[in-house]
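Dumped protein-v8.pdb below, it's PDB, C-alpha atoms and all ligand atoms:
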```
ATOM      1  CA  MET Z   1       0.000   0.000   0.000
ATOM      2  CA  ASP Z   2       1.490   3.328  -1.069
ATOM      3  CA  ILE Z   3       1.270   6.236   1.344
ATOM      4  CA  LYS Z   4       1.455   9.882   0.392
ATOM      5  CA  LEU Z   5       1.334  13.051   2.433
ATOM      6  CA  GLN Z   6       0.584  15.975   0.170
ATOM      7  CA  GLN Z   7       1.013  19.483   1.537
ATOM      8  CA  VAL Z   8      -0.078  18.266   4.918
ATOM      9  CA  ALA Z   9      -0.441  20.766   7.726
ATOM     10  CA  TYR Z  10      -1.639  19.938  11.194
ATOM     11  CA  ALA Z  11      -2.567  22.141  14.128
ATOM     12  CA  TYR Z  12      -3.468  20.784  17.551
ATOM     13  CA  ALA Z  13      -6.505  22.414  19.190
ATOM     14  CA  GLN Z  14      -7.216  24.293  15.994
ATOM     15  CA  GLY Z  15      -9.355  27.380  16.359
ATOM     16  CA  THR Z  16      -8.796  27.653  20.119
ATOM     17  CA  PRO Z  17      -6.459  29.975  22.016
ATOM     18  CA  PHE Z  18      -4.269  26.884  22.559
ATOM     19  CA  GLU Z  19      -3.787  26.232  18.870
ATOM     20  CA  LYS Z  20      -0.386  24.757  18.170
ATOM     21  CA  ARG Z  21       0.793  24.292  14.610
ATOM     22  CA  ALA Z  22       2.823  21.105  14.493
ATOM     23  CA  LEU Z  23       3.147  20.404  10.750
ATOM     24  CA  PHE Z  24       3.602  22.762   7.814
ATOM     25  CA  ASP Z  25       3.364  21.667   4.213
ATOM     26  CA  VAL Z  26       4.717  18.149   4.644
ATOM     27  CA  ASN Z  27       5.208  16.142   1.460
ATOM     28  CA  LEU Z  28       6.261  12.535   1.705
ATOM     29  CA  ALA Z  29       5.751   9.533  -0.566
ATOM     30  CA  ILE Z  30       6.314   6.000   0.704
ATOM     31  CA  THR Z  31       6.131   3.294  -1.918
ATOM     32  CA  SER Z  32       4.736  -0.097  -0.972
ATOM     33  CA  GLY Z  33       7.501  -2.456   0.158
ATOM     34  CA  THR Z  34       9.911   0.292   1.213
ATOM     35  CA  TYR Z  35      11.675   0.585   4.559
ATOM     36  CA  GLN Z  36      11.296   4.279   5.349
ATOM     37  CA  ALA Z  37      12.888   6.022   8.315
ATOM     38  CA  ILE Z  38      11.622   9.311   9.676
ATOM     39  CA  ILE Z  39      14.149  11.080  11.782
ATOM     40  CA  GLY Z  40      14.294  14.347  13.666
ATOM     41  CA  HIS Z  41      14.822  15.906  17.049
ATOM     42  CA  THR Z  42      12.170  15.938  19.771
ATOM     43  CA  GLY Z  43       9.354  18.281  18.827
ATOM     44  CA  SER Z  44      10.129  18.164  15.093
ATOM     45  CA  GLY Z  45       6.732  16.606  14.313
ATOM     46  CA  LYS Z  46       7.505  12.892  13.953
ATOM     47  CA  SER Z  47       4.692  11.636  16.201
ATOM     48  CA  THR Z  48       2.244  13.979  14.562
ATOM     49  CA  VAL Z  49       3.184  12.666  11.113
ATOM     50  CA  LEU Z  50       3.005   9.082  12.373
ATOM     51  CA  GLN Z  51      -0.580   9.481  13.515
ATOM     52  CA  HIS Z  52      -1.577  10.496   9.988
ATOM     53  CA  PHE Z  53      -0.499   7.096   8.655
ATOM     54  CA  ASN Z  54      -3.640   5.429   9.927
ATOM     55  CA  ALA Z  55      -5.867   8.474  10.232
ATOM     56  CA  LEU Z  56      -5.646   8.761  14.008
ATOM     57  CA  LEU Z  57      -5.053  12.399  13.134
ATOM     58  CA  ARG Z  58      -6.457  13.974  10.012
ATOM     59  CA  PRO Z  59      -4.722  16.878   8.290
ATOM     60  CA  THR Z  60      -5.949  20.405   8.878
ATOM     61  CA  ALA Z  61      -4.736  21.212   5.341
ATOM     62  CA  GLY Z  62      -3.635  19.051   2.434
ATOM     63  CA  GLN Z  63      -4.316  15.371   2.052
ATOM     64  CA  VAL Z  64      -3.117  11.949   3.066
ATOM     65  CA  VAL Z  65      -3.392   9.083   0.592
ATOM     66  CA  LEU Z  66      -3.478   5.633   2.186
ATOM     67  CA  GLY Z  67      -3.689   3.093  -0.625
ATOM     68  CA  SER Z  68      -7.000   3.802  -2.312
ATOM     69  CA  ARG Z  69      -8.246   6.026   0.531
ATOM     70  CA  VAL Z  70      -7.826   9.773   0.348
ATOM     71  CA  ILE Z  71      -8.093  11.594   3.661
ATOM     72  CA  GLU Z  72      -8.670  15.223   2.895
ATOM     73  CA  ALA Z  73      -8.620  18.145   5.291
ATOM     74  CA  GLY Z  74     -12.073  19.211   6.356
ATOM     75  CA  LYS Z  75     -13.850  16.133   4.939
ATOM     76  CA  LYS Z  76     -15.649  13.686   7.193
ATOM     77  CA  GLN Z  77     -14.313  10.149   6.967
ATOM     78  CA  LYS Z  78     -16.375   7.026   7.324
ATOM     79  CA  ASN Z  79     -15.230   3.524   8.103
ATOM     80  CA  LEU Z  80     -11.594   3.975   8.962
ATOM     81  CA  LYS Z  81     -11.533   0.454  10.361
ATOM     82  CA  GLU Z  82     -10.033  -0.939   7.187
ATOM     83  CA  VAL Z  83      -7.223   1.623   7.232
ATOM     84  CA  ARG Z  84      -6.543   0.839  10.886
ATOM     85  CA  GLN Z  85      -6.222  -2.863  10.049
ATOM     86  CA  LYS Z  86      -3.886  -2.210   7.140
ATOM     87  CA  VAL Z  87      -1.561   0.113   9.004
ATOM     88  CA  GLY Z  88      -0.330  -1.304  12.308
ATOM     89  CA  ILE Z  89       1.354   1.109  14.679
ATOM     90  CA  VAL Z  90       3.758  -0.069  17.348
ATOM     91  CA  PHE Z  91       3.628   2.911  19.678
ATOM     92  CA  GLN Z  92       6.391   3.745  22.114
ATOM     93  CA  PHE Z  93       6.345   1.364  25.070
ATOM     94  CA  PRO Z  94       3.571  -0.750  23.503
ATOM     95  CA  GLU Z  95       3.660  -3.092  26.512
ATOM     96  CA  HIS Z  96       1.700  -0.454  28.427
ATOM     97  CA  GLN Z  97      -1.287  -1.447  26.315
ATOM     98  CA  LEU Z  98      -1.284  -5.119  27.314
ATOM     99  CA  PHE Z  99      -4.306  -5.926  29.417
ATOM    100  CA  GLU Z 100      -5.581  -9.495  28.953
ATOM    101  CA  GLU Z 101      -5.197 -12.325  31.476
ATOM    102  CA  THR Z 102      -2.939 -14.342  29.213
ATOM    103  CA  VAL Z 103      -0.496 -13.591  26.440
ATOM    104  CA  LEU Z 104      -2.540 -15.768  24.078
ATOM    105  CA  LYS Z 105      -5.721 -13.767  24.700
ATOM    106  CA  ASP Z 106      -3.844 -10.529  24.297
ATOM    107  CA  ILE Z 107      -2.483 -11.440  20.877
ATOM    108  CA  MET Z 108      -5.872 -12.808  19.783
ATOM    109  CA  PHE Z 109      -7.767  -9.719  20.930
ATOM    110  CA  GLY Z 110      -7.189  -7.508  17.879
ATOM    111  CA  PRO Z 111      -7.989 -10.048  15.161
ATOM    112  CA  MET Z 112     -11.070 -11.322  17.014
ATOM    113  CA  ASN Z 113     -12.324  -7.769  17.281
ATOM    114  CA  PHE Z 114     -12.048  -7.600  13.514
ATOM    115  CA  GLY Z 115     -14.133 -10.714  13.012
ATOM    116  CA  VAL Z 116     -11.377 -13.311  12.707
ATOM    117  CA  SER Z 117     -12.439 -16.690  14.174
ATOM    118  CA  ALA Z 118     -10.973 -17.783  17.518
ATOM    119  CA  GLU Z 119      -9.322 -20.716  15.797
ATOM    120  CA  GLN Z 120      -7.612 -18.532  13.199
ATOM    121  CA  ALA Z 121      -6.639 -15.914  15.772
ATOM    122  CA  GLU Z 122      -5.052 -18.588  17.928
ATOM    123  CA  LYS Z 123      -3.170 -19.978  14.952
ATOM    124  CA  ARG Z 124      -1.780 -16.515  14.258
ATOM    125  CA  ALA Z 125      -0.797 -16.091  17.913
ATOM    126  CA  ARG Z 126       1.083 -19.395  17.950
ATOM    127  CA  GLU Z 127       3.010 -18.504  14.795
ATOM    128  CA  LEU Z 128       3.786 -15.016  15.951
ATOM    129  CA  ILE Z 129       5.053 -15.911  19.381
ATOM    130  CA  THR Z 130       7.837 -17.864  17.671
ATOM    131  CA  LEU Z 131       8.448 -15.093  15.178
ATOM    132  CA  VAL Z 132       8.999 -12.551  17.962
ATOM    133  CA  GLY Z 133      11.467 -14.935  19.597
ATOM    134  CA  LEU Z 134       9.507 -16.234  22.592
ATOM    135  CA  PRO Z 135       8.810 -19.844  23.616
ATOM    136  CA  ASP Z 136       5.264 -21.224  23.238
ATOM    137  CA  SER Z 137       5.041 -21.617  26.994
ATOM    138  CA  VAL Z 138       4.568 -17.843  27.486
ATOM    139  CA  LEU Z 139       1.186 -17.990  25.726
ATOM    140  CA  GLU Z 140      -0.531 -19.258  28.877
ATOM    141  CA  LYS Z 141       1.215 -16.789  31.178
ATOM    142  CA  SER Z 142      -0.022 -13.436  32.319
ATOM    143  CA  PRO Z 143       1.721 -10.712  30.296
ATOM    144  CA  PHE Z 144       2.451  -8.996  33.600
ATOM    145  CA  ASP Z 145       4.634 -11.892  34.757
ATOM    146  CA  LEU Z 146       7.041 -11.365  31.850
ATOM    147  CA  SER Z 147      10.154  -9.217  31.663
ATOM    148  CA  GLY Z 148       9.958  -5.797  30.003
ATOM    149  CA  GLY Z 149      11.631  -7.081  26.842
ATOM    150  CA  GLN Z 150       9.288 -10.079  26.633
ATOM    151  CA  MET Z 151       6.258  -7.838  27.135
ATOM    152  CA  ARG Z 152       7.474  -5.643  24.294
ATOM    153  CA  ARG Z 153       7.626  -8.717  22.030
ATOM    154  CA  VAL Z 154       4.116  -9.787  23.003
ATOM    155  CA  ALA Z 155       2.795  -6.320  22.213
ATOM    156  CA  ILE Z 156       4.517  -6.428  18.822
ATOM    157  CA  ALA Z 157       2.979  -9.847  18.136
ATOM    158  CA  GLY Z 158      -0.410  -8.270  18.907
ATOM    159  CA  VAL Z 159       0.122  -5.636  16.216
ATOM    160  CA  LEU Z 160       1.374  -8.219  13.695
ATOM    161  CA  ALA Z 161      -1.645 -10.430  14.425
ATOM    162  CA  MET Z 162      -3.748  -7.893  12.520
ATOM    163  CA  GLN Z 163      -1.723  -8.821   9.414
ATOM    164  CA  PRO Z 164      -1.081  -5.215   8.440
ATOM    165  CA  ASP Z 165       0.279  -4.203   5.022
ATOM    166  CA  VAL Z 166       2.289  -1.451   6.648
ATOM    167  CA  ILE Z 167       3.935  -1.383  10.042
ATOM    168  CA  VAL Z 168       4.848   1.876  11.725
ATOM    169  CA  LEU Z 169       7.417   1.688  14.506
ATOM    170  CA  ASP Z 170       7.670   4.562  16.959
ATOM    171  CA  GLU Z 171      11.055   4.264  18.689
ATOM    172  CA  PRO Z 172      10.417   0.518  19.019
ATOM    173  CA  THR Z 173      13.525  -0.209  21.087
ATOM    174  CA  ALA Z 174      13.291   2.595  23.644
ATOM    175  CA  GLY Z 175      14.284   1.365  27.091
ATOM    176  CA  LEU Z 176      15.648  -2.026  25.957
ATOM    177  CA  ASP Z 177      19.225  -3.149  26.538
ATOM    178  CA  PRO Z 178      21.554  -3.015  23.501
ATOM    179  CA  ARG Z 179      21.141  -6.714  22.723
ATOM    180  CA  GLY Z 180      17.342  -6.547  22.919
ATOM    181  CA  GLN Z 181      17.403  -3.432  20.744
ATOM    182  CA  ARG Z 182      19.398  -5.156  18.068
ATOM    183  CA  GLU Z 183      17.254  -8.303  18.161
ATOM    184  CA  ILE Z 184      14.029  -6.351  17.766
ATOM    185  CA  MET Z 185      15.401  -4.202  14.962
ATOM    186  CA  ASP Z 186      16.771  -7.251  13.148
ATOM    187  CA  MET Z 187      13.430  -9.005  13.537
ATOM    188  CA  PHE Z 188      11.595  -6.116  11.900
ATOM    189  CA  TYR Z 189      14.172  -5.991   9.150
ATOM    190  CA  ALA Z 190      13.733  -9.726   8.481
ATOM    191  CA  LEU Z 191       9.956  -9.262   8.344
ATOM    192  CA  HIS Z 192      10.393  -6.429   5.896
ATOM    193  CA  LYS Z 193      12.754  -8.415   3.701
ATOM    194  CA  GLU Z 194      11.001 -11.777   3.832
ATOM    195  CA  ARG Z 195       7.406 -10.615   3.568
ATOM    196  CA  GLY Z 196       7.885  -7.329   1.775
ATOM    197  CA  LEU Z 197       6.226  -5.567   4.693
ATOM    198  CA  THR Z 198       6.281  -1.806   4.204
ATOM    199  CA  THR Z 199       8.031  -0.508   7.294
ATOM    200  CA  ILE Z 200       8.111   3.019   8.644
ATOM    201  CA  LEU Z 201      10.578   3.583  11.456
ATOM    202  CA  VAL Z 202      10.241   6.750  13.486
ATOM    203  CA  THR Z 203      13.450   7.283  15.369
ATOM    204  CA  HIS Z 204      16.006   9.749  16.573
ATOM    205  CA  SER Z 205      18.730   7.189  15.829
ATOM    206  CA  MET Z 206      20.691   7.983  12.698
ATOM    207  CA  GLU Z 207      22.447   4.667  13.136
ATOM    208  CA  ASP Z 208      19.240   2.646  12.926
ATOM    209  CA  ALA Z 209      18.018   4.737  10.009
ATOM    210  CA  ALA Z 210      21.291   4.198   8.169
ATOM    211  CA  ARG Z 211      21.478   0.523   8.975
ATOM    212  CA  TYR Z 212      17.973  -0.510   7.997
ATOM    213  CA  ALA Z 213      16.197   2.060   5.844
ATOM    214  CA  ASP Z 214      15.967   2.334   2.075
ATOM    215  CA  GLU Z 215      14.801   5.934   2.400
ATOM    216  CA  ILE Z 216      15.187   8.508   5.145
ATOM    217  CA  ALA Z 217      13.049  11.609   5.662
ATOM    218  CA  ILE Z 218      14.281  14.294   8.011
ATOM    219  CA  MET Z 219      11.804  16.337   9.998
ATOM    220  CA  HIS Z 220      12.736  19.739  11.378
ATOM    221  CA  GLU Z 221      10.379  22.209  13.030
ATOM    222  CA  GLY Z 222       7.269  20.647  11.519
ATOM    223  CA  ARG Z 223       8.622  20.301   8.022
ATOM    224  CA  CYS Z 224      10.106  17.447   6.053
ATOM    225  CA  VAL Z 225      13.318  19.230   5.130
ATOM    226  CA  LEU Z 226      15.324  16.474   3.449
ATOM    227  CA  SER Z 227      14.655  13.035   2.078
ATOM    228  CA  GLY Z 228      16.498  10.434   0.101
ATOM    229  CA  THR Z 229      18.528   7.258   0.359
ATOM    230  CA  PRO Z 230      21.038   7.005   3.211
ATOM    231  CA  THR Z 231      23.818   7.206   0.642
ATOM    232  CA  ALA Z 232      22.473  10.426  -0.828
ATOM    233  CA  LEU Z 233      21.783  12.025   2.548
ATOM    234  CA  PHE Z 234      25.082  11.126   4.125
ATOM    235  CA  SER Z 235      26.977  12.450   1.175
ATOM    236  CA  ASP Z 236      25.988  15.960   2.236
ATOM    237  CA  VAL Z 237      27.356  16.160   5.743
ATOM    238  CA  GLU Z 238      27.159  19.953   5.910
ATOM    239  CA  ARG Z 239      23.473  19.911   5.039
ATOM    240  CA  LEU Z 240      22.769  17.453   7.841
ATOM    241  CA  ARG Z 241      24.696  19.561  10.314
ATOM    242  CA  GLN Z 242      22.475  22.479   9.407
ATOM    243  CA  TYR Z 243      19.713  20.519  11.149
ATOM    244  CA  ARG Z 244      21.947  19.544  14.074
ATOM    245  CA  LEU Z 245      22.232  15.970  12.796
ATOM    246  CA  GLU Z 246      25.470  14.075  12.802
ATOM    247  CA  VAL Z 247      26.565  11.410  10.382
ATOM    248  CA  PRO Z 248      26.334   8.073  12.190
ATOM    249  CA  ARG Z 249      29.349   6.122  13.220
ATOM    250  CA  LEU Z 250      30.742   4.205  10.329
ATOM    251  CA  VAL Z 251      30.085   0.824  11.901
ATOM    252  CA  ALA Z 252      26.357   1.449  11.768
ATOM    253  CA  PHE Z 253      26.115   1.295   8.037
ATOM    254  CA  GLN Z 254      28.946  -0.976   7.100
ATOM    255  CA  HIS Z 255      26.791  -2.899   4.676
ATOM    256  CA  LYS Z 256      26.105   0.266   2.737
ATOM    257  CA  ILE Z 257      29.501   1.821   3.016
ATOM    258  CA  GLU Z 258      31.380   0.154   0.182
ATOM    259  CA  GLN Z 259      30.371   2.663  -2.400
ATOM    260  CA  LEU Z 260      31.083   5.560  -0.092
ATOM    261  CA  ILE Z 261      34.525   4.723   1.183
ATOM    262  CA  GLY Z 262      37.154   6.885  -0.320
ATOM    263  CA  GLN Z 263      34.673   8.824  -2.416
ATOM    264  CA  LYS Z 264      32.369  10.696  -0.113
ATOM    265  CA  PHE Z 265      33.896  10.350   3.324
ATOM    266  CA  PRO Z 266      37.654  10.429   2.965
ATOM    267  CA  GLU Z 267      37.816  12.081   6.366
ATOM    268  CA  LEU Z 268      36.140   9.174   8.183
ATOM    269  CA  SER Z 269      38.214   6.560   9.900
ATOM    270  CA  LEU Z 270      37.559   2.878   9.426
ATOM    271  CA  THR Z 271      38.959   2.009  12.810
ATOM    272  CA  GLU Z 272      35.941   3.143  14.797
ATOM    273  CA  GLU Z 273      34.352  -0.012  16.154
ATOM    274  CA  GLN Z 274      31.671  -0.630  18.755
TER     275      GLN Z 274
HETATM  276  P1  LIG J 301       8.244  14.587  17.858
HETATM  277  O1  LIG J 301       7.479  13.327  17.748
HETATM  278  O2  LIG J 301       9.202  14.804  16.743
HETATM  279  O3  LIG J 301       8.885  14.779  19.191
HETATM  280  P2  LIG J 301       5.626  15.852  17.965
HETATM  281  O4  LIG J 301       4.902  15.485  16.728
HETATM  282  O5  LIG J 301       5.291  15.143  19.221
HETATM  283  O6  LIG J 301       7.208  15.796  17.692
HETATM  284  O7  LIG J 301       5.406  17.401  18.246
HETATM  285  C1  LIG J 301       5.437  18.419  17.253
HETATM  286  C2  LIG J 301       4.991  19.707  17.914
HETATM  287  O8  LIG J 301       3.617  19.593  18.293
HETATM  288  C3  LIG J 301       5.759  20.058  19.184
HETATM  289  O9  LIG J 301       5.920  21.463  19.234
HETATM  290  C4  LIG J 301       4.837  19.591  20.289
HETATM  291  O10 LIG J 301       5.022  20.373  21.452
HETATM  292  C5  LIG J 301       3.460  19.826  19.682
HETATM  293  N1  LIG J 301       2.458  18.871  20.193
HETATM  294  C6  LIG J 301       2.532  17.527  20.181
HETATM  295  N2  LIG J 301       1.418  16.965  20.703
HETATM  296  C7  LIG J 301       0.621  17.996  21.066
HETATM  297  C8  LIG J 301      -0.688  18.078  21.664
HETATM  298  N3  LIG J 301      -1.388  16.985  21.984
HETATM  299  N4  LIG J 301      -1.194  19.304  21.879
HETATM  300  C9  LIG J 301      -0.490  20.417  21.537
HETATM  301  N5  LIG J 301       0.727  20.416  20.978
HETATM  302  C10 LIG J 301       1.287  19.226  20.736
END
```

Kindly present the structure from the file in C-alpha cells form.
Amino acid sequence: MDIKLQQVAYAYAQGTPFEKRALFDVNLAITSGTYQAIIGHTGSGKSTVLQHFNALLRPTAGQVVLGSRVIEAGKKQKNLKEVRQKVGIVFQFPEHQLFEETVLKDIMFGPMNFGVSAEQAEKRARELITLVGLPDSVLEKSPFDLSGGQMRRVAIAGVLAMQPDVIVLDEPTAGLDPRGQREIMDMFYALHKERGLTTILVTHSMEDAARYADEIAIMHEGRCVLSGTPTALFSDVERLRQYRLEVPRLVAFQHKIEQLIGQKFPELSLTEEQ
C-alpha cells in the first residue's frame, strides 16, 4: 500500500487559544515495500506525522493518501476500520497497552475484534510468538509476569496479528538493553525483507536509520526538510549539520559503506568499532 502526504499541515486544538501548529506543508511519498525512516529531534513533528499514517489524526490542510483512501482536510471520513487494520502502529512502550489475562488472549484480541475466528486468531498467535522470539510456553502466562523485553515482544505480536500491510514503529527499542534493541530491529528488518512488509521507522537514531532504511526523511520544526537514500543524505554532511544531525558512526552502516569509502567520506576513519 502506497502512502502519500501531500502538503499536509496539522494544528493541535485548531481554532482555540491553545492552537499549536505542528506540521507545515509536509510532502512525503512512501512506496509499498519500502523501509522508510523518519528522523528528527524531539518536537520536530515525527509523532504527529506518524498518527496520519492510519488516520488517528487527520490533516488540517492538504491530504493523506493511504492506498485507495484519500483523507482530505475538512472532509468527514467514514469507516476507517479498514485503514486501521492495514496500518499497524507499534507505539512507544507498547507493553503499556497489554491488558488481557494471558499472552494468548492478548495477541488474539485484535484479530477477534475484527471478526477473525478464535481458531484462526489462535493460529496466528502461535506462529507469531515464535516469530517474535519467545517460547510457546509464554502464551498461557499473564503478560504482567514477563520481563519488560518479553512484554514488548508480546505487544509487537499483537500488532502483527492484525496482518497489516504497513507497520509503523515509533522508537520501538526505547528502554531495551543493547542486545534486545538489536534483536528487535533485526526481527523487523527480516519481516520487511522476507514478507515485503512496508516498514516506517520513526526514530532519533541515525544509526538505525542508516542501517535498515531504504529511504530517510528528516523532519525539522514541523517540516520534512530532506529526504532520500542514506547514501544520498550522508553524502551531504554539511546539510545534515544544518539541522543539528550528525553522520552516524561508520560501523552502523557498514553494509552500505562500500560505495562511499574513499569517495564521499575520505575524512572518516575505518577504525571506529563498537
Ligand atoms: P516529535 O514526535 O518529533 O517529538 P511531535 O509530533 O510530538 O514531535 O510534536 C510536534 C509539535 O507539536 C511540538 O511542538 C509539540 O510540542 C506539539 N504537540 C505535540 N502533541 C501535542 C498536543 N497533543 N497538543 C499540543 N501540541 C502538541

(request) Please check which residues have atoms at most 9 Å from (-2.5, 15.8, 11.4) in the file's coordinates, counting all atoms listed in the file, and write them as a list in words. (result)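 Those residues lying close to the given coordinates are Val8, Ala9, Tyr10, Ala11, Tyr12, Ala22, Leu23, Thr48, Val49, Leu50, Gln51, His52, Ala55, Leu56, Leu57, Arg58, Pro59, Thr60, Ala61 and Ala73 of chain Z.
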
(message) What residues of the protein or nucleic acid chains come within 8 Å of ligand LIG 301 (chain J) when you use all atoms listed in the file? Reply as a PyMOL selection string.
(response) chain Z and resi 11-13+18-23+39-50+219+221-222

(request) Grab the atom CA of Z:Asp25 to atom CA of Z:His192 distance for me, in Å with one decimal place. (result)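 Computing the Euclidean distance for atom CA of Z:Asp25 and atom CA of Z:His192 yields 29.0 Å.
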
(request) Enumerate, as a VMD selection string, the residues matched when the PyMOL selection byres (((chain Z and resi 134) around 12) and not hetatm) is run on the file above. (result) chain Z and resid 103 125 to 133 135 to 139 141 146 to 147 149 to 157 183 to 184

(request) Go through the shown structure with the PyMOL selection byres (((chain Z and resi 202-206) around 10) and not hetatm) and write out the matching residues as an NGL selection string. (result) :Z and (36-42 or 46-47 or 49-50 or 91-92 or 168-174 or 199-201 or 207-211 or 216-218 or 230 or 245-249 or 252-253)

(message) Can you measure atom CA of Z:Ser142 to atom CA of Z:Thr102 for me? One decimal in Å is fine.
(response) 4.4 Å

(message) Counting all atoms listed in the file, which residue out of Z:Gly180, Z:Phe109, Z:Leu5, Z:Lys81 sits closest to Z:Val65?
(response)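 Closest to Z:Val65 of all the choices is Z:Leu5.
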
(request) Take the point (3.3, 10.7, 1.1) as written in the file and pick out every residue within 7 Å of it, counting only C-alpha atoms; give the list as number ranges by chain. (result) Z: 3-6, 27-30, 64-65

(request) Take atom CA of Z:Ala118 and atom CA of Z:Gln97 and report the distance between them in Å, one decimal. (result)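 These atoms are spaced 20.9 Å apart.
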
(message) Which residues, named as in the file, does the PyMOL selection byres (((chain Z and resi 166) around 6) and not hetatm) pick out? Answer as a list in words.
(response)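 This file, filtered by the PyMOL selection byres (((chain Z and resi 166) around 6) and not hetatm), leaves Val87, Pro164, Asp165, Ile167, Thr198 and Thr199 of chain Z.
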
For the selection just defined, write its residues with C-alpha atoms to a file, as a PDB file, in the frame of the given file.
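File again-v4.pdb, as written:
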```
ATOM      1  CA  VAL Z  87      -1.561   0.113   9.004  1.00  0.00           C
ATOM      2  CA  PRO Z 164      -1.081  -5.215   8.440  1.00  0.00           C
ATOM      3  CA  ASP Z 165       0.279  -4.203   5.022  1.00  0.00           C
ATOM      4  CA  ILE Z 167       3.935  -1.383  10.042  1.00  0.00           C
ATOM      5  CA  THR Z 198       6.281  -1.806   4.204  1.00  0.00           C
ATOM      6  CA  THR Z 199       8.031  -0.508   7.294  1.00  0.00           C
TER       7      THR Z 199
END
```

Could stretch 82-96 of chain Z be written out with N, CA and C atoms, as a compact mmCIF listing (two decimals), in the first residue's frame, please?
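Resulting contents of decode13.txt:
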```
# COMPACT_ATOMS: atom_id res chain seq x y z
N GLU Z 82 -10.86 -0.23 8.16
CA GLU Z 82 -10.03 -0.94 7.19
C GLU Z 82 -8.61 -0.37 7.17
N VAL Z 83 -8.53 0.96 7.20
CA VAL Z 83 -7.22 1.62 7.23
C VAL Z 83 -6.47 1.22 8.49
N ARG Z 84 -7.19 1.17 9.60
CA ARG Z 84 -6.54 0.84 10.89
C ARG Z 84 -6.02 -0.60 10.89
N GLN Z 85 -6.71 -1.48 10.14
CA GLN Z 85 -6.22 -2.86 10.05
C GLN Z 85 -4.98 -2.92 9.16
N LYS Z 86 -4.98 -2.11 8.11
CA LYS Z 86 -3.89 -2.21 7.14
C LYS Z 86 -2.60 -1.57 7.63
N VAL Z 87 -2.75 -0.57 8.49
CA VAL Z 87 -1.56 0.11 9.00
C VAL Z 87 -1.46 -0.14 10.50
N GLY Z 88 -0.52 -0.99 10.88
CA GLY Z 88 -0.33 -1.30 12.31
C GLY Z 88 0.71 -0.37 12.90
N ILE Z 89 0.38 0.22 14.04
CA ILE Z 89 1.35 1.11 14.68
C ILE Z 89 1.85 0.48 15.97
N VAL Z 90 3.15 0.34 16.08
CA VAL Z 90 3.76 -0.07 17.35
C VAL Z 90 4.17 1.22 18.04
N PHE Z 91 3.34 1.66 18.98
CA PHE Z 91 3.63 2.91 19.68
C PHE Z 91 4.79 2.72 20.64
N GLN Z 92 5.32 3.83 21.11
CA GLN Z 92 6.39 3.74 22.11
C GLN Z 92 5.90 3.00 23.34
N PHE Z 93 6.71 2.17 23.89
CA PHE Z 93 6.34 1.36 25.07
C PHE Z 93 4.98 0.68 24.88
N PRO Z 94 4.87 -0.14 23.82
CA PRO Z 94 3.57 -0.75 23.50
C PRO Z 94 3.09 -1.71 24.59
N GLU Z 95 4.04 -2.16 25.45
CA GLU Z 95 3.66 -3.09 26.51
C GLU Z 95 2.69 -2.44 27.50
N HIS Z 96 2.65 -1.12 27.52
CA HIS Z 96 1.70 -0.45 28.43
C HIS Z 96 0.26 -0.72 28.01
```
